[in-house]
Amino acid sequence: MEERNAGARTVEADADDRVTSREPPPVERFRPTELDRDWPALRAGCPVSRTTAPDGSDVWLVTRYADIRSVLGSQDFSVSPLDPERGTGTAEANESIFQDPPEHTRLRGLVAGPFAAGHVGRYRDAIRRKADALIAEMRSAPRSVDVMARFAKPLTMNVISEVVGIPEPDRAMFQRLSDQLLVPVSEAQGVVALEGWRQLNDYVLALIASRRATTSEEDSQDLLGHMIRAQRDDATLTDAELTTMVLGLPVAGYVSTANAIAVAVRYLAERGWLERIRPAPDRGELARSFVEEVLRIQSGDNGESMPRFAKCDRRVGDTVIPKGAQVVAPLVAANRDDEIFDRPDEFDPHRTGLVRHLAFGFGIHRCLGANLARLELQVAVDALVESGIRMELLEGWDDVPWKVNMLGDRFPERLVVGLAAA
């Protein structure tokens, strides 16, 4: 089957015609939640401790909110294993997410504009139209629907594609290839994920070439147009860097935001928050607080930080972590710290201090798409609340199967609900 971008070239071309594909970024490391520890007990008795990762490596585990912010916010820690000679991380030059400053500062600065709060706000109406259309389609379906397949995934893929500049005819193909990555590379089906990555890489390279030929100085405000204009001003920005950033954002942002919508649906349906928010006199404010509580509580289901590596001997709390050591600073531990959040394991949108959550991380590597993800989640919740539908989970949350993609992000494979009119 021939799949093409907007008139540029086929993605699945003959081997001799294919643009050479890069390997995926070196991100298949364990996530902090894979350690599955008793966070309150550690905070109380041993807030900075040594433990063993699932792969057998030694790690330092940090469990207090303040210490986690200290690690994530400090440039004494790299996001890549340490090069002992240089004392810096070992990421490839074009892997922006794993770079230390100054390269990280340069690359992130080039893509920050399209994800600023003032810029993403222009997508609100388009997101709402898409959400309303998907809800209308769910209404016309049988009484039970998979919210992941029928709402969360198509909504988030459409939004990130719009922001990045993926042509609408290509978005189903882009989602299919992105879904192909929903398996760790180390597993038997990892070859499928690798091939999906290579096809996406080739597609983005071809799309960049096509857009470069047509993008003017005043042309579209999407990420591709922004980056192509930036490359004209900064000759050091390579096509490999541009491709990596453009490709990584849809793949990572699509999964994590779909996860957040799934968690929101859980609490709207299972815990009765649809019926609590709808009649509330301060419905808008309560819905916004509901979204922030979803973001806080979902840490552990997804949205986790990657391990850090000490670039020097560094004191964290009362403990000195030695140079070169791998450090884990779990967002789930920070967001469930009872010194910051009262009754942290309970879901309570009325709680005080919600703005202190670290759902998007902290420091220079804080999630670039935080503003967009928050907007998508808010609009999705508003659309569900105002739709008049009732939802009932038809499978217990603990029984829902989860998938992990090659970037380490997790989200429910399905979330089946029963629908009824209010």
# chains A, B, ... in the order shown; residues from 1 in each chain; ligands from 1
>>> residues_around(residues="A:Glu292", least_positions_apart="2", cutoff="10 Å", atoms="only C-alpha atoms", output="PyMOL selection string")
chain A and resi 286-290+294-298+348-349+354-357+359+374+377-378
>>> residues_around(residues="A:Glu162", least_positions_apart="5", cutoff="8 Å", atoms="only C-alpha atoms", output="JSON, numbers by chain")
{"A": [167, 168, 222]}
>>> residues_around(residues="A:Ala41", least_positions_apart="3", cutoff="12 Å", atoms="only C-alpha atoms", output="tab-separated table (two decimals) with all heavy atoms, in the first residue's frame")
chain	number	residue	atom	x	y	z
A	37	ARG	N	8.35	0.76	45.07
A	37	ARG	CA	8.77	0.81	46.47
A	37	ARG	C	7.67	1.42	47.35
A	37	ARG	O	6.72	2.02	46.86
A	37	ARG	CB	10.05	1.66	46.61
A	37	ARG	CG	11.27	1.10	45.88
A	37	ARG	CD	11.70	-0.25	46.48
A	37	ARG	NE	13.01	-0.66	46.02
A	37	ARG	CZ	13.22	-1.45	44.97
A	37	ARG	NH1	12.19	-1.88	44.26
A	37	ARG	NH2	14.45	-1.80	44.63
A	38	ASP	N	7.84	1.28	48.64
A	38	ASP	CA	6.95	1.90	49.63
A	38	ASP	C	7.47	3.31	49.85
A	38	ASP	O	8.31	3.57	50.71
A	38	ASP	CB	6.99	1.08	50.93
A	38	ASP	CG	5.98	1.59	51.96
A	38	ASP	OD1	5.57	2.77	51.85
A	38	ASP	OD2	5.63	0.84	52.87
A	44	ALA	N	10.17	8.41	55.26
A	44	ALA	CA	10.27	8.52	56.71
A	44	ALA	C	11.58	7.99	57.25
A	44	ALA	O	12.15	8.56	58.19
A	44	ALA	CB	9.10	7.78	57.36
A	45	GLY	N	12.09	6.90	56.66
A	45	GLY	CA	13.25	6.25	57.25
A	45	GLY	C	14.55	6.38	56.49
A	45	GLY	O	15.64	6.40	57.09
A	46	CYS	N	14.46	6.46	55.16
A	46	CYS	CA	15.68	6.50	54.36
A	46	CYS	C	15.39	7.24	53.05
A	46	CYS	O	15.28	6.63	51.98
A	46	CYS	CB	16.16	5.07	54.07
A	46	CYS	SG	17.84	4.96	53.44
A	47	PRO	N	15.25	8.55	53.11
A	47	PRO	CA	14.79	9.32	51.95
A	47	PRO	C	15.74	9.31	50.75
A	47	PRO	O	15.31	9.55	49.63
A	47	PRO	CB	14.62	10.74	52.50
A	47	PRO	CG	15.48	10.79	53.71
A	47	PRO	CD	15.45	9.42	54.29
A	48	VAL	N	17.03	9.07	50.99
A	48	VAL	CA	17.99	8.89	49.89
A	48	VAL	C	18.67	7.55	50.13
A	48	VAL	O	19.43	7.39	51.08
A	48	VAL	CB	19.03	10.02	49.84
A	48	VAL	CG1	20.00	9.80	48.69
A	48	VAL	CG2	18.34	11.38	49.69
A	49	SER	N	18.37	6.57	49.30
A	49	SER	CA	18.84	5.21	49.56
A	49	SER	C	19.42	4.57	48.31
A	49	SER	O	19.10	4.98	47.19
A	49	SER	CB	17.69	4.35	50.08
A	49	SER	OG	16.64	4.29	49.11
A	63	THR	N	13.34	10.22	47.43
A	63	THR	CA	11.89	10.06	47.59
A	63	THR	C	11.16	11.25	48.19
A	63	THR	O	9.93	11.24	48.24
A	63	THR	CB	11.60	8.82	48.45
A	63	THR	OG1	12.30	8.92	49.69
A	63	THR	CG2	12.02	7.55	47.73
A	64	ARG	N	11.85	12.27	48.67
A	64	ARG	CA	11.18	13.44	49.22
A	64	ARG	C	10.98	14.50	48.15
A	64	ARG	O	11.84	14.71	47.29
A	64	ARG	CB	11.99	14.02	50.38
A	64	ARG	CG	11.90	13.21	51.66
A	64	ARG	CD	12.70	13.84	52.79
A	64	ARG	NE	12.56	13.09	54.04
A	64	ARG	CZ	13.33	13.27	55.10
A	64	ARG	NH1	14.29	14.20	55.07
A	64	ARG	NH2	13.15	12.55	56.19
A	333	ALA	N	6.63	9.77	43.70
A	333	ALA	CA	6.97	9.97	45.11
A	333	ALA	C	6.78	11.42	45.51
A	333	ALA	O	6.26	11.72	46.59
A	333	ALA	CB	8.40	9.52	45.37
A	337	ASP	N	3.83	12.98	48.34
A	337	ASP	CA	4.52	13.32	49.58
A	337	ASP	C	3.52	14.00	50.52
A	337	ASP	O	3.00	15.09	50.21
A	337	ASP	CB	5.69	14.26	49.28
A	337	ASP	CG	6.58	14.49	50.49
A	337	ASP	OD1	6.09	14.35	51.64
A	337	ASP	OD2	7.77	14.84	50.31
A	338	ASP	N	3.26	13.37	51.68
A	338	ASP	CA	2.23	13.91	52.57
A	338	ASP	C	2.67	15.17	53.30
A	338	ASP	O	1.87	15.80	53.98
A	338	ASP	CB	1.75	12.85	53.57
A	338	ASP	CG	2.88	12.28	54.42
A	338	ASP	OD1	3.99	12.83	54.40
A	338	ASP	OD2	2.63	11.26	55.11
>>> residues_around(residues="A:Leu224", least_positions_apart="3", cutoff="8 Å", atoms="only C-alpha atoms", output="JSON, numbers by chain")
{"A": [164, 165, 208, 211, 227, 228, 246]}
>>> write_last_selection(atoms="all heavy atoms", output="JSON list (two decimals), in the first residue's frame")
[["chain", "number", "residue", "atom", "x", "y", "z"],
["A", 164, "VAL", "N", 2.18, 20.34, 15.16],
["A", 164, "VAL", "CA", 3.45, 20.06, 14.48],
["A", 164, "VAL", "C", 3.39, 20.42, 13.01],
["A", 164, "VAL", "O", 4.36, 20.94, 12.44],
["A", 164, "VAL", "CB", 3.84, 18.59, 14.67],
["A", 164, "VAL", "CG1", 5.02, 18.22, 13.78],
["A", 164, "VAL", "CG2", 4.19, 18.32, 16.13],
["A", 165, "GLY", "N", 2.26, 20.16, 12.38],
["A", 165, "GLY", "CA", 2.13, 20.44, 10.95],
["A", 165, "GLY", "C", 2.04, 19.19, 10.11],
["A", 165, "GLY", "O", 2.44, 19.20, 8.94],
["A", 208, "ILE", "N", 9.72, 17.49, 5.75],
["A", 208, "ILE", "CA", 10.55, 18.68, 5.93],
["A", 208, "ILE", "C", 11.01, 19.20, 4.58],
["A", 208, "ILE", "O", 10.95, 20.41, 4.30],
["A", 208, "ILE", "CB", 11.76, 18.37, 6.83],
["A", 208, "ILE", "CG1", 11.29, 18.17, 8.28],
["A", 208, "ILE", "CG2", 12.80, 19.49, 6.77],
["A", 208, "ILE", "CD1", 12.36, 17.61, 9.18],
["A", 211, "ARG", "N", 8.04, 20.82, 2.84],
["A", 211, "ARG", "CA", 7.69, 22.09, 3.44],
["A", 211, "ARG", "C", 8.75, 23.16, 3.22],
["A", 211, "ARG", "O", 8.45, 24.35, 3.08],
["A", 211, "ARG", "CB", 7.44, 21.90, 4.94],
["A", 211, "ARG", "CG", 6.14, 21.19, 5.28],
["A", 211, "ARG", "CD", 4.93, 22.08, 5.01],
["A", 211, "ARG", "NE", 4.99, 23.28, 5.80],
["A", 211, "ARG", "CZ", 4.56, 23.39, 7.06],
["A", 211, "ARG", "NH1", 3.99, 22.34, 7.64],
["A", 211, "ARG", "NH2", 4.64, 24.52, 7.71],
["A", 227, "MET", "N", 10.34, 25.75, 12.64],
["A", 227, "MET", "CA", 11.68, 25.18, 12.63],
["A", 227, "MET", "C", 12.40, 25.42, 11.31],
["A", 227, "MET", "O", 13.61, 25.65, 11.28],
["A", 227, "MET", "CB", 11.60, 23.68, 12.91],
["A", 227, "MET", "CG", 11.11, 23.33, 14.30],
["A", 227, "MET", "SD", 12.27, 23.88, 15.58],
["A", 227, "MET", "CE", 13.64, 22.80, 15.24],
["A", 228, "ILE", "N", 11.67, 25.37, 10.23],
["A", 228, "ILE", "CA", 12.29, 25.62, 8.92],
["A", 228, "ILE", "C", 12.77, 27.06, 8.83],
["A", 228, "ILE", "O", 13.86, 27.35, 8.33],
["A", 228, "ILE", "CB", 11.31, 25.28, 7.79],
["A", 228, "ILE", "CG1", 11.14, 23.75, 7.71],
["A", 228, "ILE", "CG2", 11.78, 25.84, 6.46],
["A", 228, "ILE", "CD1", 10.00, 23.31, 6.82],
["A", 246, "VAL", "N", 11.04, 17.08, 15.71],
["A", 246, "VAL", "CA", 9.69, 17.03, 15.14],
["A", 246, "VAL", "C", 9.07, 15.65, 15.36],
["A", 246, "VAL", "O", 7.89, 15.53, 15.69],
["A", 246, "VAL", "CB", 9.72, 17.38, 13.64],
["A", 246, "VAL", "CG1", 8.38, 17.08, 12.99],
["A", 246, "VAL", "CG2", 10.08, 18.85, 13.45]]
>>> select_by_dssp(residues="stretch 37-216 of chain A", states="strand (DSSP E)", output="PyMOL selection string")
chain A and resi 48-52+58-62+77-78+82-83+88-89+144-146
>>> write_last_selection(atoms="all heavy atoms", output="CSV table (one decimal), in the first residue's frame")
chain,number,residue,atom,x,y,z
A,48,VAL,N,17.0,9.1,51.0
A,48,VAL,CA,18.0,8.9,49.9
A,48,VAL,C,18.7,7.5,50.1
A,48,VAL,O,19.4,7.4,51.1
A,48,VAL,CB,19.0,10.0,49.8
A,48,VAL,CG1,20.0,9.8,48.7
A,48,VAL,CG2,18.3,11.4,49.7
A,49,SER,N,18.4,6.6,49.3
A,49,SER,CA,18.8,5.2,49.6
A,49,SER,C,19.4,4.6,48.3
A,49,SER,O,19.1,5.0,47.2
A,49,SER,CB,17.7,4.3,50.1
A,49,SER,OG,16.6,4.3,49.1
A,50,ARG,N,20.3,3.6,48.5
A,50,ARG,CA,20.8,2.8,47.4
A,50,ARG,C,19.9,1.6,47.2
A,50,ARG,O,19.5,0.9,48.1
A,50,ARG,CB,22.2,2.4,47.7
A,50,ARG,CG,23.2,3.5,47.8
A,50,ARG,CD,24.6,3.0,47.9
A,50,ARG,NE,25.1,2.3,46.7
A,50,ARG,CZ,26.4,1.9,46.6
A,50,ARG,NH1,27.3,2.0,47.5
A,50,ARG,NH2,26.7,1.3,45.5
A,51,THR,N,19.7,1.3,45.9
A,51,THR,CA,18.9,0.1,45.6
A,51,THR,C,19.3,-0.5,44.3
A,51,THR,O,20.3,0.0,43.7
A,51,THR,CB,17.4,0.5,45.5
A,51,THR,OG1,16.6,-0.7,45.4
A,51,THR,CG2,17.1,1.4,44.4
A,52,THR,N,18.7,-1.5,43.8
A,52,THR,CA,19.0,-2.2,42.5
A,52,THR,C,17.9,-2.0,41.5
A,52,THR,O,16.7,-2.2,41.8
A,52,THR,CB,19.3,-3.7,42.8
A,52,THR,OG1,20.3,-3.8,43.8
A,52,THR,CG2,19.7,-4.4,41.5
A,58,ASP,N,23.2,-0.5,40.0
A,58,ASP,CA,23.0,0.2,41.3
A,58,ASP,C,22.4,1.6,41.0
A,58,ASP,O,22.9,2.3,40.1
A,58,ASP,CB,24.3,0.3,42.0
A,58,ASP,CG,24.8,-1.1,42.5
A,58,ASP,OD1,24.0,-1.9,42.8
A,58,ASP,OD2,26.0,-1.2,42.6
A,59,VAL,N,21.5,2.0,41.8
A,59,VAL,CA,20.9,3.3,41.7
A,59,VAL,C,20.7,3.9,43.0
A,59,VAL,O,20.6,3.2,44.0
A,59,VAL,CB,19.6,3.3,40.9
A,59,VAL,CG1,19.7,2.8,39.5
A,59,VAL,CG2,18.5,2.6,41.7
A,60,TRP,N,20.7,5.3,43.1
A,60,TRP,CA,20.3,6.0,44.3
A,60,TRP,C,18.9,6.5,44.1
A,60,TRP,O,18.5,7.0,43.1
A,60,TRP,CB,21.2,7.2,44.5
A,60,TRP,CG,22.6,6.8,44.9
A,60,TRP,CD1,23.7,6.4,44.1
A,60,TRP,CD2,23.1,6.8,46.2
A,60,TRP,NE1,24.8,6.1,44.8
A,60,TRP,CE2,24.5,6.3,46.1
A,60,TRP,CE3,22.6,7.1,47.5
A,60,TRP,CZ2,25.3,6.2,47.2
A,60,TRP,CZ3,23.4,6.9,48.6
A,60,TRP,CH2,24.7,6.5,48.5
A,61,LEU,N,18.1,6.2,45.1
A,61,LEU,CA,16.6,6.5,45.0
A,61,LEU,C,16.3,7.7,45.9
A,61,LEU,O,16.6,7.6,47.1
A,61,LEU,CB,15.8,5.3,45.4
A,61,LEU,CG,14.3,5.3,45.3
A,61,LEU,CD1,13.8,5.7,43.9
A,61,LEU,CD2,13.7,4.0,45.8
A,62,VAL,N,15.7,8.8,45.4
A,62,VAL,CA,15.4,10.0,46.1
A,62,VAL,C,13.9,10.0,46.2
A,62,VAL,O,13.2,9.9,45.2
A,62,VAL,CB,16.0,11.2,45.4
A,62,VAL,CG1,15.6,12.5,46.2
A,62,VAL,CG2,17.5,11.1,45.2
A,77,PHE,N,23.4,17.2,37.6
A,77,PHE,CA,22.9,15.9,37.2
A,77,PHE,C,22.7,15.9,35.7
A,77,PHE,O,22.0,16.8,35.2
A,77,PHE,CB,21.7,15.5,37.9
A,77,PHE,CG,21.9,15.3,39.4
A,77,PHE,CD1,21.7,16.3,40.3
A,77,PHE,CD2,22.4,14.1,39.9
A,77,PHE,CE1,21.9,16.1,41.6
A,77,PHE,CE2,22.6,13.9,41.2
A,77,PHE,CZ,22.3,14.9,42.1
A,78,SER,N,23.2,14.9,35.0
A,78,SER,CA,23.0,14.8,33.5
A,78,SER,C,21.8,13.8,33.3
A,78,SER,O,21.5,13.0,34.1
A,78,SER,CB,24.2,14.3,32.8
A,78,SER,OG,24.0,14.0,31.5
A,82,LEU,N,27.4,9.3,32.3
A,82,LEU,CA,28.5,10.2,32.3
A,82,LEU,C,29.7,9.8,31.5
A,82,LEU,O,30.0,8.6,31.5
A,82,LEU,CB,29.0,10.4,33.7
A,82,LEU,CG,29.6,11.7,34.1
A,82,LEU,CD1,28.6,12.9,33.9
A,82,LEU,CD2,30.1,11.7,35.5
A,83,ASP,N,30.2,10.7,30.7
A,83,ASP,CA,31.5,10.4,30.0
A,83,ASP,C,32.6,10.8,31.0
A,83,ASP,O,32.7,12.0,31.4
A,83,ASP,CB,31.6,11.3,28.8
A,83,ASP,CG,32.9,11.1,28.0
A,83,ASP,OD1,34.0,10.8,28.7
A,83,ASP,OD2,32.9,11.3,26.8
A,88,THR,N,30.5,15.0,31.3
A,88,THR,CA,29.2,15.4,30.8
A,88,THR,C,28.5,14.2,30.3
A,88,THR,O,29.1,13.1,30.2
A,88,THR,CB,29.3,16.4,29.6
A,88,THR,OG1,30.1,15.8,28.6
A,88,THR,CG2,30.0,17.7,30.1
A,89,GLY,N,27.2,14.3,29.9
A,89,GLY,CA,26.5,13.2,29.4
A,89,GLY,C,27.0,12.7,28.1
A,89,GLY,O,27.7,13.4,27.4
A,144,SER,N,-21.6,0.3,24.5
A,144,SER,CA,-20.2,0.3,25.1
A,144,SER,C,-19.2,0.7,24.1
A,144,SER,O,-19.3,0.3,22.9
A,144,SER,CB,-19.9,-1.1,25.7
A,144,SER,OG,-19.8,-2.1,24.6
A,145,VAL,N,-18.2,1.5,24.5
A,145,VAL,CA,-17.2,2.0,23.6
A,145,VAL,C,-15.9,2.0,24.3
A,145,VAL,O,-15.8,2.1,25.5
A,145,VAL,CB,-17.5,3.4,23.0
A,145,VAL,CG1,-18.8,3.5,22.2
A,145,VAL,CG2,-17.5,4.4,24.2
A,146,ASP,N,-14.8,1.8,23.5
A,146,ASP,CA,-13.5,1.9,24.0
A,146,ASP,C,-13.0,3.4,23.9
A,146,ASP,O,-12.8,3.9,22.8
A,146,ASP,CB,-12.5,1.0,23.2
A,146,ASP,CG,-11.1,1.1,23.6
A,146,ASP,OD1,-10.8,1.8,24.6
A,146,ASP,OD2,-10.2,0.4,23.0
>>> closest_residue(among="A:Leu237, A:Ala117, A:Asp170, A:Ala329", to="A:Ala66", atoms="only C-alpha atoms")
A:Ala329
>>> residues_around(residues="A:Val400", least_positions_apart="3", cutoff="10 Å", atoms="only C-alpha atoms", output="PyMOL selection string")
chain A and resi 395-397+411-416
>>> write_last_selection(atoms="N, CA, C and O atoms", output="PDB file, in the first residue's frame")
ATOM      1  N   GLU A 395     -14.901  -2.341  33.085  1.00  0.00           N
ATOM      2  CA  GLU A 395     -13.768  -3.174  33.490  1.00  0.00           C
ATOM      3  C   GLU A 395     -13.056  -2.448  34.614  1.00  0.00           C
ATOM      4  O   GLU A 395     -12.833  -1.233  34.531  1.00  0.00           O
ATOM      5  N   GLY A 396     -12.715  -3.157  35.681  1.00  0.00           N
ATOM      6  CA  GLY A 396     -12.026  -2.515  36.786  1.00  0.00           C
ATOM      7  C   GLY A 396     -10.698  -1.918  36.353  1.00  0.00           C
ATOM      8  O   GLY A 396      -9.996  -2.483  35.512  1.00  0.00           O
ATOM      9  N   TRP A 397     -10.358  -0.765  36.920  1.00  0.00           N
ATOM     10  CA  TRP A 397      -9.114  -0.081  36.545  1.00  0.00           C
ATOM     11  C   TRP A 397      -7.904  -0.995  36.716  1.00  0.00           C
ATOM     12  O   TRP A 397      -7.007  -1.006  35.875  1.00  0.00           O
ATOM     13  N   PHE A 411       0.318   3.583  28.689  1.00  0.00           N
ATOM     14  CA  PHE A 411      -1.066   4.013  28.716  1.00  0.00           C
ATOM     15  C   PHE A 411      -1.966   2.798  28.540  1.00  0.00           C
ATOM     16  O   PHE A 411      -1.518   1.735  28.092  1.00  0.00           O
ATOM     17  N   PRO A 412      -3.230   2.907  28.953  1.00  0.00           N
ATOM     18  CA  PRO A 412      -4.131   1.749  28.862  1.00  0.00           C
ATOM     19  C   PRO A 412      -4.312   1.293  27.419  1.00  0.00           C
ATOM     20  O   PRO A 412      -4.496   2.107  26.511  1.00  0.00           O
ATOM     21  N   GLU A 413      -4.257  -0.018  27.245  1.00  0.00           N
ATOM     22  CA  GLU A 413      -4.496  -0.569  25.914  1.00  0.00           C
ATOM     23  C   GLU A 413      -5.936  -0.348  25.494  1.00  0.00           C
ATOM     24  O   GLU A 413      -6.248  -0.165  24.318  1.00  0.00           O
ATOM     25  N   ARG A 414      -6.839  -0.379  26.468  1.00  0.00           N
ATOM     26  CA  ARG A 414      -8.246  -0.112  26.213  1.00  0.00           C
ATOM     27  C   ARG A 414      -8.873   0.452  27.487  1.00  0.00           C
ATOM     28  O   ARG A 414      -8.331   0.283  28.584  1.00  0.00           O
ATOM     29  N   LEU A 415     -10.005   1.118  27.340  1.00  0.00           N
ATOM     30  CA  LEU A 415     -10.782   1.589  28.480  1.00  0.00           C
ATOM     31  C   LEU A 415     -12.240   1.591  28.052  1.00  0.00           C
ATOM     32  O   LEU A 415     -12.742   2.537  27.439  1.00  0.00           O
ATOM     33  N   VAL A 416     -12.914   0.487  28.335  1.00  0.00           N
ATOM     34  CA  VAL A 416     -14.281   0.271  27.829  1.00  0.00           C
ATOM     35  C   VAL A 416     -15.274   0.846  28.838  1.00  0.00           C
ATOM     36  O   VAL A 416     -15.238   0.537  30.016  1.00  0.00           O
TER      37      VAL A 416
END
>>> residues_around(residues="stretch 251-255 of chain A", least_positions_apart="4", cutoff="7 Å", atoms="only C-alpha atoms", output="PDB file with all heavy atoms, in the first residue's frame")
ATOM      1  N   THR A 156      -5.907  13.275  20.798  1.00  0.00           N
ATOM      2  CA  THR A 156      -4.544  13.749  21.050  1.00  0.00           C
ATOM      3  C   THR A 156      -3.670  13.672  19.808  1.00  0.00           C
ATOM      4  O   THR A 156      -2.836  14.549  19.582  1.00  0.00           O
ATOM      5  CB  THR A 156      -3.903  12.948  22.194  1.00  0.00           C
ATOM      6  OG1 THR A 156      -3.944  11.554  21.900  1.00  0.00           O
ATOM      7  CG2 THR A 156      -4.641  13.188  23.494  1.00  0.00           C
ATOM      8  N   MET A 157      -3.838  12.636  18.979  1.00  0.00           N
ATOM      9  CA  MET A 157      -3.050  12.568  17.748  1.00  0.00           C
ATOM     10  C   MET A 157      -3.411  13.702  16.810  1.00  0.00           C
ATOM     11  O   MET A 157      -2.545  14.314  16.175  1.00  0.00           O
ATOM     12  CB  MET A 157      -3.259  11.220  17.065  1.00  0.00           C
ATOM     13  CG  MET A 157      -2.542  11.090  15.714  1.00  0.00           C
ATOM     14  SD  MET A 157      -0.748  11.443  15.791  1.00  0.00           S
ATOM     15  CE  MET A 157      -0.141   9.971  16.599  1.00  0.00           C
ATOM     16  N   ILE A 160      -1.781  17.081  18.330  1.00  0.00           N
ATOM     17  CA  ILE A 160      -0.333  17.220  18.182  1.00  0.00           C
ATOM     18  C   ILE A 160       0.054  17.296  16.710  1.00  0.00           C
ATOM     19  O   ILE A 160       0.997  17.992  16.342  1.00  0.00           O
ATOM     20  CB  ILE A 160       0.414  16.078  18.909  1.00  0.00           C
ATOM     21  CG1 ILE A 160       1.900  16.431  19.088  1.00  0.00           C
ATOM     22  CG2 ILE A 160       0.278  14.764  18.178  1.00  0.00           C
ATOM     23  CD1 ILE A 160       2.160  17.612  19.998  1.00  0.00           C
ATOM     24  N   SER A 178       2.869   5.400  14.818  1.00  0.00           N
ATOM     25  CA  SER A 178       3.132   5.698  16.227  1.00  0.00           C
ATOM     26  C   SER A 178       2.691   4.530  17.109  1.00  0.00           C
ATOM     27  O   SER A 178       3.385   4.145  18.056  1.00  0.00           O
ATOM     28  CB  SER A 178       2.408   6.982  16.650  1.00  0.00           C
ATOM     29  OG  SER A 178       2.896   8.100  15.937  1.00  0.00           O
ATOM     30  N   LEU A 247       9.876  14.599  15.226  1.00  0.00           N
ATOM     31  CA  LEU A 247       9.371  13.246  15.375  1.00  0.00           C
ATOM     32  C   LEU A 247       9.071  12.900  16.825  1.00  0.00           C
ATOM     33  O   LEU A 247       8.055  12.284  17.137  1.00  0.00           O
ATOM     34  CB  LEU A 247      10.398  12.260  14.807  1.00  0.00           C
ATOM     35  CG  LEU A 247      10.100  10.766  14.922  1.00  0.00           C
ATOM     36  CD1 LEU A 247       8.771  10.443  14.265  1.00  0.00           C
ATOM     37  CD2 LEU A 247      11.219   9.961  14.287  1.00  0.00           C
ATOM     38  N   ASN A 259      -2.983   9.125  27.892  1.00  0.00           N
ATOM     39  CA  ASN A 259      -3.002   8.523  29.219  1.00  0.00           C
ATOM     40  C   ASN A 259      -3.741   9.413  30.213  1.00  0.00           C
ATOM     41  O   ASN A 259      -4.565   8.940  31.009  1.00  0.00           O
ATOM     42  CB  ASN A 259      -1.583   8.276  29.709  1.00  0.00           C
ATOM     43  CG  ASN A 259      -1.518   7.870  31.176  1.00  0.00           C
ATOM     44  OD1 ASN A 259      -1.571   8.713  32.059  1.00  0.00           O
ATOM     45  ND2 ASN A 259      -1.413   6.580  31.422  1.00  0.00           N
ATOM     46  N   GLY A 369       5.792  20.098  26.202  1.00  0.00           N
ATOM     47  CA  GLY A 369       4.401  20.210  25.794  1.00  0.00           C
ATOM     48  C   GLY A 369       3.420  20.367  26.932  1.00  0.00           C
ATOM     49  O   GLY A 369       2.220  20.120  26.755  1.00  0.00           O
ATOM     50  N   ASP A 409       6.886   5.254  27.615  1.00  0.00           N
ATOM     51  CA  ASP A 409       5.602   5.792  28.060  1.00  0.00           C
ATOM     52  C   ASP A 409       4.569   4.676  28.145  1.00  0.00           C
ATOM     53  O   ASP A 409       4.551   3.764  27.322  1.00  0.00           O
ATOM     54  CB  ASP A 409       5.102   6.875  27.095  1.00  0.00           C
ATOM     55  CG  ASP A 409       5.974   8.108  27.108  1.00  0.00           C
ATOM     56  OD1 ASP A 409       6.276   8.591  28.208  1.00  0.00           O
ATOM     57  OD2 ASP A 409       6.365   8.576  26.027  1.00  0.00           O
ATOM     58  N   PHE A 411       0.318   3.583  28.689  1.00  0.00           N
ATOM     59  CA  PHE A 411      -1.066   4.013  28.716  1.00  0.00           C
ATOM     60  C   PHE A 411      -1.966   2.798  28.540  1.00  0.00           C
ATOM     61  O   PHE A 411      -1.518   1.735  28.092  1.00  0.00           O
ATOM     62  CB  PHE A 411      -1.365   5.094  27.681  1.00  0.00           C
ATOM     63  CG  PHE A 411      -1.437   4.623  26.250  1.00  0.00           C
ATOM     64  CD1 PHE A 411      -2.658   4.368  25.651  1.00  0.00           C
ATOM     65  CD2 PHE A 411      -0.297   4.471  25.506  1.00  0.00           C
ATOM     66  CE1 PHE A 411      -2.726   3.942  24.339  1.00  0.00           C
ATOM     67  CE2 PHE A 411      -0.343   4.059  24.197  1.00  0.00           C
ATOM     68  CZ  PHE A 411      -1.567   3.784  23.591  1.00  0.00           C
TER      69      PHE A 411
END
>>> residues_around(residues="A:Ile364", least_positions_apart="2", cutoff="7 Å", atoms="only C-alpha atoms", output="mmCIF file with N, CA, C and O atoms, in the first residue's frame")
data_model
loop_
_atom_site.group_PDB
_atom_site.id
_atom_site.type_symbol
_atom_site.label_atom_id
_atom_site.label_comp_id
_atom_site.auth_asym_id
_atom_site.auth_seq_id
_atom_site.Cartn_x
_atom_site.Cartn_y
_atom_site.Cartn_z
ATOM 1 N N GLY A 73 16.153 19.809 39.207
ATOM 2 C CA GLY A 73 16.437 21.206 38.879
ATOM 3 C C GLY A 73 17.902 21.556 38.835
ATOM 4 O O GLY A 73 18.256 22.686 38.494
ATOM 5 N N PHE A 362 10.427 18.945 36.411
ATOM 6 C CA PHE A 362 10.923 20.180 36.998
ATOM 7 C C PHE A 362 12.293 20.473 36.393
ATOM 8 O O PHE A 362 13.027 19.577 36.005
ATOM 9 N N ARG A 366 11.806 19.988 32.093
ATOM 10 C CA ARG A 366 10.350 19.929 32.286
ATOM 11 C C ARG A 366 9.677 19.754 30.929
ATOM 12 O O ARG A 366 10.133 20.272 29.906
#
>>> closest_residue(among="A:Asp233, A:Phe309, A:Arg278, A:Met148", to="A:Gly324", atoms="only C-alpha atoms")
A:Phe309
>>> closest_residue(among="A:His104, A:Ala116, A:Ser140, A:Pro154", to="A:Val79", atoms="only C-alpha atoms")
A:His104
>>> closest_residue(among="A:Leu205, A:Ile261, A:Asp55, A:Ala112", to="A:Thr238", atoms="only C-alpha atoms")
A:Leu205
